[in-house]
>>> print(open('model_27.csv').read())   # CSV, C-alpha atoms and all ligand atoms
chain,number,residue,atom,x,y,z
A,184,MET,CA,48.0,-75.9,-67.1
A,185,THR,CA,46.7,-73.3,-64.8
A,186,ALA,CA,44.6,-74.6,-61.9
A,187,GLN,CA,41.1,-73.3,-61.1
A,188,ILE,CA,41.1,-71.5,-57.8
A,189,LEU,CA,38.8,-72.9,-55.1
A,190,ASP,CA,37.7,-69.6,-53.6
A,191,GLY,CA,37.0,-70.3,-49.9
A,192,ALA,CA,36.3,-66.6,-49.2
A,193,GLN,CA,33.4,-66.6,-51.8
A,194,LEU,CA,32.0,-70.0,-50.7
A,195,ALA,CA,32.2,-68.9,-47.0
A,196,LYS,CA,30.3,-65.7,-47.9
A,197,ASP,CA,27.6,-67.6,-49.8
A,198,MET,CA,27.2,-70.2,-47.0
A,199,ARG,CA,27.1,-67.5,-44.3
A,200,ALA,CA,24.3,-65.7,-46.1
A,201,ALA,CA,22.3,-69.0,-46.2
A,202,ILE,CA,23.1,-69.6,-42.5
A,203,ALA,CA,21.9,-66.1,-41.5
A,204,GLN,CA,18.6,-66.9,-43.3
A,205,GLN,CA,18.2,-70.2,-41.4
A,206,ALA,CA,19.1,-68.5,-38.2
A,207,ALA,CA,16.4,-65.8,-38.8
A,208,ALA,CA,13.9,-68.5,-39.4
A,209,LEU,CA,14.8,-70.4,-36.2
A,210,THR,CA,14.8,-67.1,-34.2
A,211,ALA,CA,11.3,-66.4,-35.5
A,212,ARG,CA,10.2,-69.8,-34.1
A,213,GLY,CA,11.8,-68.9,-30.7
A,214,HIS,CA,15.1,-70.8,-31.2
A,215,LYS,CA,17.7,-68.2,-31.7
A,216,PRO,CA,21.1,-70.1,-32.3
A,217,GLY,CA,23.5,-69.4,-29.4
A,218,LEU,CA,27.3,-69.9,-29.2
A,219,ALA,CA,29.4,-69.4,-26.1
A,220,VAL,CA,33.1,-68.9,-26.6
A,221,VAL,CA,35.5,-69.2,-23.6
A,222,LEU,CA,39.0,-67.7,-23.7
A,223,VAL,CA,41.4,-68.3,-20.9
A,224,GLY,CA,44.5,-66.1,-20.8
A,225,GLU,CA,45.9,-63.5,-23.1
A,226,ASP,CA,47.4,-65.4,-26.1
A,227,PRO,CA,47.4,-62.8,-28.9
A,228,ALA,CA,46.5,-65.3,-31.7
A,229,SER,CA,43.7,-66.8,-29.6
A,230,GLN,CA,42.3,-63.3,-29.0
A,231,VAL,CA,42.1,-62.7,-32.7
A,232,TYR,CA,40.5,-66.1,-33.4
A,233,VAL,CA,37.9,-65.6,-30.7
A,234,ARG,CA,37.1,-62.0,-31.8
A,235,ASN,CA,36.5,-63.3,-35.4
A,236,LYS,CA,34.3,-66.1,-34.2
A,237,VAL,CA,32.2,-63.8,-32.0
A,238,ALA,CA,31.9,-61.2,-34.9
A,239,ALA,CA,30.8,-64.0,-37.3
A,240,CYS,CA,28.1,-65.1,-34.9
A,241,GLU,CA,26.8,-61.6,-34.6
A,242,GLN,CA,26.8,-61.1,-38.4
A,243,ALA,CA,24.8,-64.3,-38.8
A,244,GLY,CA,22.2,-63.1,-36.2
A,245,PHE,CA,23.3,-65.6,-33.5
A,246,HIS,CA,23.2,-65.0,-29.8
A,247,SER,CA,26.9,-65.0,-28.8
A,248,GLU,CA,28.5,-65.0,-25.3
A,249,MET,CA,32.1,-64.3,-24.7
A,250,HIS,CA,33.6,-65.5,-21.4
A,251,ARG,CA,37.1,-64.2,-20.8
A,252,LEU,CA,39.0,-65.6,-17.8
A,253,PRO,CA,42.5,-64.7,-16.6
A,254,ALA,CA,45.4,-67.1,-17.2
A,255,SER,CA,45.5,-67.7,-13.4
A,256,THR,CA,42.0,-69.2,-13.4
A,257,ARG,CA,41.8,-72.6,-11.5
A,258,GLU,CA,40.8,-75.5,-13.7
A,259,ALA,CA,37.9,-76.3,-11.3
A,260,ASP,CA,36.5,-72.8,-12.0
A,261,LEU,CA,36.7,-73.3,-15.7
A,262,LEU,CA,35.0,-76.7,-15.4
A,263,GLU,CA,32.2,-75.0,-13.4
A,264,LEU,CA,31.7,-72.4,-16.1
A,265,VAL,CA,31.5,-75.2,-18.8
A,266,ARG,CA,28.9,-77.1,-16.7
A,267,THR,CA,26.9,-73.8,-16.3
A,268,LEU,CA,26.9,-73.3,-20.1
A,269,ASN,CA,26.0,-77.0,-20.7
A,270,ASP,CA,22.8,-76.2,-18.7
A,271,LYS,CA,21.9,-73.0,-20.5
A,272,PRO,CA,19.0,-73.5,-23.0
A,273,ASP,CA,20.0,-70.4,-25.0
A,274,VAL,CA,23.5,-71.8,-25.6
A,275,HIS,CA,23.6,-74.5,-28.3
A,276,GLY,CA,27.3,-74.5,-28.9
A,277,ILE,CA,30.3,-74.2,-26.5
A,278,LEU,CA,33.8,-73.5,-27.7
A,279,VAL,CA,36.8,-73.4,-25.4
A,280,GLN,CA,39.6,-71.8,-27.3
A,281,LEU,CA,42.8,-73.9,-27.3
A,282,PRO,CA,45.6,-73.9,-26.2
A,283,LEU,CA,44.8,-73.6,-22.5
A,284,PRO,CA,47.3,-72.4,-19.9
A,285,ALA,CA,49.8,-75.2,-19.0
A,286,HIS,CA,48.3,-75.8,-15.5
A,287,MET,CA,45.0,-77.0,-17.1
A,288,ASP,CA,44.3,-80.4,-18.6
A,289,SER,CA,42.7,-79.6,-21.9
A,290,HIS,CA,41.4,-83.1,-22.4
A,291,ARG,CA,39.5,-82.9,-19.1
A,292,VAL,CA,38.1,-79.5,-20.1
A,293,ILE,CA,36.9,-80.7,-23.5
A,294,GLU,CA,35.4,-83.9,-22.0
A,295,THR,CA,33.3,-81.7,-19.7
A,296,ILE,CA,31.5,-80.0,-22.6
A,297,SER,CA,28.2,-81.7,-23.3
A,298,PRO,CA,28.8,-83.8,-26.6
A,299,GLU,CA,25.5,-82.2,-27.9
A,300,LYS,CA,27.1,-78.7,-27.6
A,301,ASP,CA,30.6,-79.6,-28.7
A,302,VAL,CA,30.6,-77.6,-31.9
A,303,ASP,CA,34.3,-78.1,-32.4
A,304,GLY,CA,33.8,-81.8,-32.5
A,305,PHE,CA,36.8,-82.5,-30.2
A,306,HIS,CA,34.9,-84.4,-27.4
A,307,ILE,CA,36.1,-88.0,-27.3
A,308,SER,CA,32.5,-89.3,-27.9
A,309,ASN,CA,32.3,-87.1,-31.0
A,310,ALA,CA,35.7,-88.3,-32.2
A,311,GLY,CA,34.3,-91.9,-31.7
A,312,LEU,CA,31.1,-91.2,-33.6
A,313,LEU,CA,33.1,-89.8,-36.5
A,314,MET,CA,35.4,-92.8,-36.5
A,315,THR,CA,32.4,-95.2,-36.6
A,316,GLY,CA,30.9,-93.3,-39.5
A,317,THR,CA,28.0,-91.6,-37.7
A,318,PRO,CA,29.3,-88.1,-36.9
A,319,LEU,CA,27.3,-85.8,-34.7
A,320,PHE,CA,29.6,-82.8,-35.3
A,321,ARG,CA,32.4,-82.8,-37.9
A,322,PRO,CA,35.5,-80.8,-36.8
A,323,CYS,CA,35.2,-77.4,-38.5
A,324,THR,CA,38.4,-77.3,-40.6
A,325,PRO,CA,38.0,-80.7,-42.2
A,326,TYR,CA,34.3,-80.1,-42.6
A,327,GLY,CA,35.1,-76.9,-44.5
A,328,VAL,CA,37.6,-78.8,-46.7
A,329,MET,CA,34.8,-81.3,-47.6
A,330,LYS,CA,32.6,-78.3,-48.7
A,331,LEU,CA,35.4,-77.0,-50.9
A,332,LEU,CA,35.9,-80.4,-52.5
A,333,GLU,CA,32.1,-80.6,-53.1
A,334,LYS,CA,32.4,-77.2,-54.8
A,335,SER,CA,35.1,-78.5,-57.1
A,336,GLY,CA,32.7,-81.1,-58.4
A,337,VAL,CA,35.5,-83.8,-58.4
A,338,PRO,CA,34.1,-87.2,-57.5
A,339,LEU,CA,35.5,-88.5,-54.2
A,340,ARG,CA,34.2,-92.1,-54.5
A,341,GLY,CA,37.2,-94.3,-55.5
A,342,ALA,CA,39.6,-91.3,-55.7
A,343,GLU,CA,43.1,-91.6,-54.3
A,344,ALA,CA,43.2,-89.1,-51.4
A,345,VAL,CA,46.4,-88.2,-49.5
A,346,VAL,CA,46.3,-86.2,-46.3
A,347,ILE,CA,49.6,-84.9,-45.0
A,348,GLY,CA,49.6,-84.2,-41.3
A,349,ALA,CA,47.8,-86.4,-38.7
A,350,SER,CA,46.7,-84.0,-36.0
A,351,ASN,CA,43.5,-84.7,-34.0
A,352,ILE,CA,42.0,-81.4,-35.1
A,353,VAL,CA,42.7,-81.6,-38.9
A,354,GLY,CA,44.5,-84.6,-40.4
A,355,LYS,CA,42.9,-87.5,-38.6
A,356,PRO,CA,39.3,-86.3,-38.9
A,357,GLN,CA,40.0,-85.2,-42.5
A,358,ALA,CA,41.0,-88.8,-43.3
A,359,MET,CA,37.8,-90.1,-41.7
A,360,LEU,CA,35.6,-87.8,-43.7
A,361,LEU,CA,37.3,-88.6,-47.0
A,362,LEU,CA,37.0,-92.3,-46.2
A,363,GLN,CA,33.3,-91.9,-45.4
A,364,ALA,CA,32.9,-90.2,-48.8
A,365,GLY,CA,34.4,-93.3,-50.6
A,366,ALA,CA,38.0,-92.2,-51.2
A,367,THR,CA,41.0,-94.5,-50.7
A,368,VAL,CA,42.9,-92.6,-48.1
A,369,THR,CA,46.6,-92.4,-47.2
A,370,LEU,CA,47.4,-90.5,-44.0
A,371,CYS,CA,51.1,-89.2,-43.9
A,372,ASN,CA,53.0,-87.9,-40.9
A,373,SER,CA,56.5,-86.6,-40.1
A,374,LYS,CA,57.9,-90.2,-40.2
A,375,THR,CA,56.5,-91.0,-43.7
A,376,ARG,CA,59.2,-92.3,-46.1
A,377,ASP,CA,59.2,-90.7,-49.6
A,378,LEU,CA,56.4,-88.2,-49.1
A,379,ALA,CA,56.7,-87.0,-52.7
A,380,ALA,CA,55.8,-90.5,-54.0
A,381,HIS,CA,52.6,-90.5,-52.0
A,382,CYS,CA,51.7,-87.0,-53.2
A,383,ARG,CA,52.2,-87.9,-56.8
A,384,ARG,CA,49.6,-90.6,-56.5
A,385,ALA,CA,47.0,-88.3,-55.1
A,386,ASP,CA,43.9,-87.2,-57.0
A,387,ILE,CA,43.1,-85.2,-53.9
A,388,LEU,CA,45.9,-83.8,-51.7
A,389,VAL,CA,45.1,-82.1,-48.4
A,390,VAL,CA,48.2,-80.6,-46.7
A,391,ALA,CA,48.0,-79.7,-43.0
A,392,VAL,CA,51.5,-79.6,-41.5
A,393,GLY,CA,52.6,-76.0,-40.8
A,394,ARG,CA,55.7,-75.9,-43.0
A,395,PRO,CA,55.8,-73.0,-45.5
A,396,ARG,CA,55.7,-74.2,-49.2
A,397,MET,CA,56.8,-77.8,-48.5
A,398,ILE,CA,54.8,-79.2,-51.3
A,399,THR,CA,56.0,-78.1,-54.7
A,400,GLY,CA,54.6,-78.5,-58.3
A,401,ASP,CA,56.9,-81.5,-59.0
A,402,MET,CA,55.3,-83.4,-56.2
A,403,ILE,CA,51.7,-83.1,-57.7
A,404,LYS,CA,49.8,-85.3,-60.1
A,405,PRO,CA,48.6,-83.3,-63.1
A,406,GLY,CA,45.0,-82.2,-62.6
A,407,ALA,CA,44.9,-83.1,-58.9
A,408,VAL,CA,42.8,-81.1,-56.4
A,409,ILE,CA,45.1,-79.4,-53.9
A,410,ILE,CA,43.8,-78.2,-50.6
A,411,ASP,CA,46.2,-76.2,-48.5
A,412,VAL,CA,45.2,-76.0,-44.8
A,413,GLY,CA,48.6,-74.6,-43.6
A,414,ILE,CA,48.9,-71.1,-42.4
A,415,ASN,CA,52.4,-69.8,-41.9
A,416,ARG,CA,53.7,-66.3,-41.1
A,417,LEU,CA,56.8,-65.4,-43.2
A,418,PRO,CA,59.5,-63.1,-41.8
A,419,ASP,CA,58.1,-60.2,-43.9
A,420,GLY,CA,54.8,-60.6,-42.1
A,421,LYS,CA,52.9,-62.2,-45.1
A,422,LEU,CA,50.9,-65.4,-44.8
A,423,CYS,CA,51.7,-68.5,-46.9
A,424,GLY,CA,50.4,-72.0,-47.0
A,425,ASP,CA,52.2,-75.4,-46.9
A,426,VAL,CA,52.0,-75.6,-50.7
A,427,ASP,CA,54.2,-73.6,-53.1
A,428,PHE,CA,51.2,-72.0,-54.8
A,429,ASP,CA,53.2,-70.6,-57.8
A,430,SER,CA,54.6,-74.0,-58.9
A,431,ALA,CA,51.6,-76.1,-57.8
A,432,LYS,CA,49.0,-74.0,-59.8
A,433,GLU,CA,50.8,-74.9,-63.0
A,434,VAL,CA,50.2,-78.6,-62.4
A,435,ALA,CA,47.0,-78.9,-60.4
A,436,GLY,CA,43.4,-79.0,-61.6
A,437,PHE,CA,42.1,-77.1,-58.6
A,438,ILE,CA,43.9,-75.3,-55.8
A,439,THR,CA,43.0,-73.3,-52.7
A,440,PRO,CA,44.9,-70.0,-52.1
A,441,VAL,CA,46.3,-68.9,-48.7
A,442,PRO,CA,44.8,-66.7,-47.4
A,443,GLY,CA,41.3,-67.0,-48.8
A,444,GLY,CA,41.0,-70.8,-49.1
A,445,VAL,CA,40.4,-73.1,-46.1
A,446,GLY,CA,40.7,-70.3,-43.5
A,447,PRO,CA,37.3,-68.5,-44.1
A,448,MET,CA,35.6,-71.9,-44.2
A,449,THR,CA,36.6,-72.9,-40.7
A,450,ILE,CA,34.5,-70.2,-38.9
A,451,THR,CA,31.7,-70.8,-41.4
A,452,MET,CA,31.5,-74.4,-40.4
A,453,LEU,CA,31.5,-73.4,-36.7
A,454,LEU,CA,28.3,-71.5,-37.5
A,455,GLN,CA,27.0,-74.5,-39.5
A,456,ASN,CA,27.7,-76.8,-36.6
A,457,THR,CA,25.9,-74.5,-34.2
A,458,LEU,CA,22.8,-74.4,-36.5
A,459,GLU,CA,22.9,-78.2,-36.6
A,460,ALA,CA,23.0,-78.3,-32.8
A,461,VAL,CA,19.9,-76.1,-32.6
A,462,GLU,CA,18.0,-78.2,-35.1
A,463,ARG,CA,18.8,-81.4,-33.1
A,464,SER,CA,17.8,-79.7,-29.8
A,465,ILE,CA,14.3,-78.8,-31.1
A,501,LIG,P1,50.0,-80.0,-35.8
A,501,LIG,O1,51.4,-79.4,-35.5
A,501,LIG,O2,49.2,-80.5,-34.6
A,501,LIG,O3,50.2,-81.3,-36.7
A,501,LIG,C1,51.1,-81.3,-37.8
A,501,LIG,C2,51.2,-82.7,-38.4
A,501,LIG,O4,52.1,-82.7,-39.5
A,501,LIG,C3,51.6,-83.8,-37.5
A,501,LIG,O5,50.8,-84.9,-37.6
A,501,LIG,C4,53.0,-84.2,-38.0
A,501,LIG,O6,53.3,-85.6,-37.9
A,501,LIG,C5,52.9,-83.8,-39.4
A,501,LIG,N1,54.2,-83.4,-40.0
A,501,LIG,C6,55.2,-82.6,-39.5
A,501,LIG,N2,56.2,-82.6,-40.4
A,501,LIG,C7,55.9,-83.3,-41.4
A,501,LIG,C8,56.6,-83.7,-42.6
A,501,LIG,N3,57.8,-83.2,-42.9
A,501,LIG,N4,55.9,-84.5,-43.5
A,501,LIG,C9,54.7,-85.0,-43.3
A,501,LIG,N5,54.0,-84.7,-42.1
A,501,LIG,C10,54.6,-83.9,-41.2
A,501,LIG,O7,49.3,-79.0,-36.7
A,501,LIG,P2,47.7,-78.7,-37.0
A,501,LIG,O8,47.1,-78.1,-35.8
A,501,LIG,O9,47.1,-79.9,-37.7
A,501,LIG,O10,47.9,-77.6,-38.1
A,501,LIG,C11,48.6,-77.8,-39.3
A,501,LIG,C12,48.6,-76.5,-40.1
A,501,LIG,O11,47.3,-76.1,-40.4
A,501,LIG,C13,49.2,-75.3,-39.4
A,501,LIG,O12,49.9,-74.4,-40.3
A,501,LIG,C14,48.0,-74.6,-38.8
A,501,LIG,O13,48.2,-73.2,-38.6
A,501,LIG,C15,47.0,-74.8,-40.0
A,501,LIG,N6,45.6,-74.8,-39.6
A,501,LIG,C16,44.8,-74.0,-40.3
A,501,LIG,C17,43.4,-74.0,-40.0
A,501,LIG,C18,42.5,-73.2,-40.9
A,501,LIG,O14,41.4,-72.8,-40.5
A,501,LIG,N7,42.9,-72.9,-42.2
A,501,LIG,C19,42.9,-74.7,-39.0
A,501,LIG,C20,43.8,-75.5,-38.2
A,501,LIG,C21,45.1,-75.5,-38.5
>>> encode(input="model_27.csv", output="structure tokens")
Amino acid sequence: MTAQILDGAQLAKDMRAAIAQQAAALTARGHKPGLAVVLVGEDPASQVYVRNKVAACEQAGFHSEMHRLPASTREADLLELVRTLNDKPDVHGILVQLPLPAHMDSHRVIETISPEKDVDGFHISNAGLLMTGTPLFRPCTPYGVMKLLEKSGVPLRGAEAVVIGASNIVGKPQAMLLLQAGATVTLCNSKTRDLAAHCRRADILVVAVGRPRMITGDMIKPGAVIIDVGINRLPDGKLCGDVDFDSAKEVAGFITPVPGGVGPMTITMLLQNTLEAVERSI
């Protein structure tokens, strides 16, 4: 069997075109969507992520604000900036790029963002709303995975879904979204015994660990949907996922490539969350 590719790059392109149209309509009514991105320090990966987010906003016709602060910034000054952005009517979404410098308490910073503008969905009240089944914002990466699953057409209700990796930003919210969609969810972590046995039961397998090619074709149920969230840089500079694409595609029914799968969806869902924030604010 050769799996169908779930093309995140194409889906992201289609969704961004629709988002740009909605943004234009909102702008015409005097509600131009606005996103503020805050970057503290010089982390090279964060600089790339932030640049891509700001560029995506501009392409979609959003107002975007970039706030760059030196690594030596006092936490109190960062909190002050966040409070200022909370009060700005032309800013609907606020994103503080993580990780923050070691002298800052990232929980305190995230809790200072107004929950109504927390487009990453990391604020504790948004995590609670997701947990209780009434999400305000869905964290961007798991939200993008749900759109890819929707695209596959595979029913989630009653499906066996296995999520590998239990981080606060990917694995845990992913498990909640799948549960809400009616799947029977297993959430695995680094202590899980016999990971392969869990994987082989999965109709839907979402892998978010950060270990190159750890899931191989022999661990996959024939016909399963495989979503590879992992992004790993190999010694030769190329990117690869947590799934061994070559062996997995021979067994799976659907599979996301890396790059070009989940990655392009994450920023798209940030735009989507910002639009949702505007609509709620009107
Ligand atoms: P993390 O390091 O915070 O969490 C990793 C999780 O994997 C932990 O829960 C840990 O218990 C689990 N784990 C570790 N080893 C394991 C093993 N052998 N078996 C089972 N579980 C194991 O990572 P994260 O922030 O969730 O990111 C995971 C991966 O996803 C990384 O490669 C990251 O770069 C990528 N990522 C991609 C996107 C995207 O847009 N595509 C977004 C976020 C993260």
>>> atom_distance(input="model_27.csv", atom1="CA of Ala186 in chain A", atom2="atom N6 of ligand LIG 501 (chain A)")
22.3 Å
>>> residues_around(input="model_27.csv", residues="Gly217 in chain A", least_positions_apart="2", cutoff="9 Å", atoms="all atoms listed in the file", output="list of chain:residue names")
A:His214, A:Lys215, A:Ala219, A:Cys240, A:Phe245, A:His246, A:Ser247, A:Glu248, A:Pro272, A:Asp273, A:Val274, A:His275, A:Gly276, A:Ile277, A:Thr457, A:Leu458, A:Val461
>>> residues_near_ligand(input="model_27.csv", ligand="ligand LIG 501 (chain A)", cutoff="7 Å", atoms="only C-alpha atoms and all ligand atoms", output="list of chain:residue names")
A:Thr324, A:Ile347, A:Gly348, A:Ala349, A:Ser350, A:Ile352, A:Val353, A:Gly354, A:Cys371, A:Asn372, A:Ser373, A:Lys374, A:Thr375, A:Leu378, A:Ala391, A:Val392, A:Gly393, A:Arg394, A:Val412, A:Gly413, A:Ile414, A:Asn415, A:Val445, A:Gly446, A:Pro447, A:Met448, A:Thr449
>>> atom_distance(input="model_27.csv", atom1="CA of Lys236 in chain A", atom2="CA of Val221 in chain A")
11.1 Å
>>> closest_residue(input="model_27.csv", among="A:Pro356, A:Gly444, A:Pro338, A:Gly316", to="Gly304 in chain A", atoms="all atoms listed in the file")
A:Pro356
>>> atom_distance(input="model_27.csv", atom1="CA of Ile293 in chain A", atom2="CA of Glu258 in chain A")
11.8 Å
>>> closest_residue(input="model_27.csv", among="A:Val441, A:Leu283, A:Ala380, A:Leu370", to="Pro253 in chain A", atoms="all atoms listed in the file")
A:Leu283
>>> closest_residue(input="model_27.csv", among="A:Leu454, A:Leu209, A:Ala285, A:Arg291", to="Glu241 in chain A", atoms="all atoms listed in the file")
A:Leu454
>>> residues_around(input="model_27.csv", residues="Ser297 in chain A", least_positions_apart="3", cutoff="9 Å", atoms="only C-alpha atoms", output="PDB file with C-alpha atoms, keeping the file's coordinate frame")
ATOM      1  CA  VAL A 265      31.500 -75.200 -18.800  1.00  0.00           C
ATOM      2  CA  ARG A 266      28.900 -77.100 -16.700  1.00  0.00           C
ATOM      3  CA  ASN A 269      26.000 -77.000 -20.700  1.00  0.00           C
ATOM      4  CA  ASP A 270      22.800 -76.200 -18.700  1.00  0.00           C
ATOM      5  CA  ILE A 277      30.300 -74.200 -26.500  1.00  0.00           C
ATOM      6  CA  ILE A 293      36.900 -80.700 -23.500  1.00  0.00           C
ATOM      7  CA  GLU A 294      35.400 -83.900 -22.000  1.00  0.00           C
ATOM      8  CA  LYS A 300      27.100 -78.700 -27.600  1.00  0.00           C
ATOM      9  CA  ASP A 301      30.600 -79.600 -28.700  1.00  0.00           C
ATOM     10  CA  HIS A 306      34.900 -84.400 -27.400  1.00  0.00           C
TER      11      HIS A 306
END
>>> closest_residue(input="model_27.csv", among="A:Leu331, A:Ile307, A:Ile387, A:Ala366", to="Val345 in chain A", atoms="all atoms listed in the file")
A:Ile387
>>> residues_around(input="model_27.csv", residues="Met452 in chain A", least_positions_apart="5", cutoff="7 Å", atoms="only C-alpha atoms", output="PyMOL selection string")
chain A and resi 323+326-327
>>> closest_residue(input="model_27.csv", among="A:Pro418, A:Ile409, A:Thr439, A:Phe305", to="His290 in chain A", atoms="only C-alpha atoms")
A:Phe305
>>> closest_residue(input="model_27.csv", among="A:Glu433, A:Glu263, A:Asp303, A:Glu343", to="Ile188 in chain A", atoms="all atoms listed in the file")
A:Glu433
>>> residues_near_point(input="model_27.csv", point="(42.3, -87.3, -45.4)", cutoff="6 Å", atoms="only C-alpha atoms", output="VMD selection string")
chain A and resid 345 to 346 357 to 358 361 368
>>> closest_atom_pairs(input="model_27.csv", of="range 296-397 of chain A", to="range 189-197 of chain A", cutoff="12 Å", atoms="only C-alpha atoms", output="JSON lines")
{"residue": "A:Thr324", "atom": "CA", "partner": "A:Gly191", "partner_atom": "CA", "distance": 11.7}
{"residue": "A:Gly327", "atom": "CA", "partner": "A:Gly191", "partner_atom": "CA", "distance": 8.7}
{"residue": "A:Val328", "atom": "CA", "partner": "A:Gly191", "partner_atom": "CA", "distance": 9.1}
{"residue": "A:Met329", "atom": "CA", "partner": "A:Gly191", "partner_atom": "CA", "distance": 11.5}
{"residue": "A:Lys330", "atom": "CA", "partner": "A:Leu194", "partner_atom": "CA", "distance": 8.6}
{"residue": "A:Leu331", "atom": "CA", "partner": "A:Leu189", "partner_atom": "CA", "distance": 6.8}
{"residue": "A:Leu332", "atom": "CA", "partner": "A:Leu189", "partner_atom": "CA", "distance": 8.5}
{"residue": "A:Glu333", "atom": "CA", "partner": "A:Leu189", "partner_atom": "CA", "distance": 10.4}
{"residue": "A:Lys334", "atom": "CA", "partner": "A:Leu189", "partner_atom": "CA", "distance": 7.7}
{"residue": "A:Ser335", "atom": "CA", "partner": "A:Leu189", "partner_atom": "CA", "distance": 7.0}
{"residue": "A:Gly336", "atom": "CA", "partner": "A:Leu189", "partner_atom": "CA", "distance": 10.7}
{"residue": "A:Val337", "atom": "CA", "partner": "A:Leu189", "partner_atom": "CA", "distance": 11.9}
>>> build_atoms(input="model_27.csv", residues="range 428-441 of chain A", atoms="N, CA, C and O atoms", output="tab-separated table (two decimals), keeping the file's coordinate frame")
chain	number	residue	atom	x	y	z
A	428	PHE	N	52.37	-72.27	-53.95
A	428	PHE	CA	51.20	-72.00	-54.80
A	428	PHE	C	51.69	-71.77	-56.28
A	428	PHE	O	51.08	-72.30	-57.20
A	429	ASP	N	52.78	-71.01	-56.47
A	429	ASP	CA	53.20	-70.60	-57.80
A	429	ASP	C	53.52	-71.86	-58.70
A	429	ASP	O	53.09	-71.94	-59.85
A	430	SER	N	54.27	-72.80	-58.14
A	430	SER	CA	54.60	-74.00	-58.90
A	430	SER	C	53.44	-74.98	-58.98
A	430	SER	O	53.19	-75.62	-60.00
A	431	ALA	N	52.68	-75.08	-57.87
A	431	ALA	CA	51.60	-76.10	-57.80
A	431	ALA	C	50.46	-75.70	-58.78
A	431	ALA	O	49.86	-76.59	-59.40
A	432	LYS	N	50.17	-74.42	-58.94
A	432	LYS	CA	49.00	-74.00	-59.80
A	432	LYS	C	49.26	-74.36	-61.25
A	432	LYS	O	48.33	-74.45	-62.04
A	433	GLU	N	50.51	-74.56	-61.63
A	433	GLU	CA	50.80	-74.90	-63.00
A	433	GLU	C	50.52	-76.39	-63.32
A	433	GLU	O	50.49	-76.79	-64.47
A	434	VAL	N	50.36	-77.19	-62.27
A	434	VAL	CA	50.20	-78.60	-62.40
A	434	VAL	C	48.78	-79.09	-62.02
A	434	VAL	O	48.17	-79.96	-62.65
A	435	ALA	N	48.27	-78.48	-60.95
A	435	ALA	CA	47.00	-78.90	-60.40
A	435	ALA	C	45.80	-78.60	-61.25
A	435	ALA	O	45.89	-77.74	-62.13
A	436	GLY	N	44.68	-79.28	-60.98
A	436	GLY	CA	43.40	-79.00	-61.60
A	436	GLY	C	42.66	-77.89	-60.85
A	436	GLY	O	42.04	-76.99	-61.40
A	437	PHE	N	42.71	-78.03	-59.51
A	437	PHE	CA	42.10	-77.10	-58.60
A	437	PHE	C	43.04	-76.82	-57.45
A	437	PHE	O	43.73	-77.74	-57.01
A	438	ILE	N	43.02	-75.60	-56.91
A	438	ILE	CA	43.90	-75.30	-55.80
A	438	ILE	C	43.27	-74.22	-54.89
A	438	ILE	O	42.58	-73.33	-55.40
A	439	THR	N	43.47	-74.35	-53.57
A	439	THR	CA	43.00	-73.30	-52.70
A	439	THR	C	44.14	-72.31	-52.39
A	439	THR	O	45.28	-72.73	-52.18
A	440	PRO	N	43.85	-71.02	-52.40
A	440	PRO	CA	44.90	-70.00	-52.10
A	440	PRO	C	45.02	-69.89	-50.54
A	440	PRO	O	44.14	-70.31	-49.79
A	441	VAL	N	46.13	-69.32	-50.10
A	441	VAL	CA	46.30	-68.90	-48.70
A	441	VAL	C	46.82	-67.49	-48.68
A	441	VAL	O	47.86	-67.24	-49.29
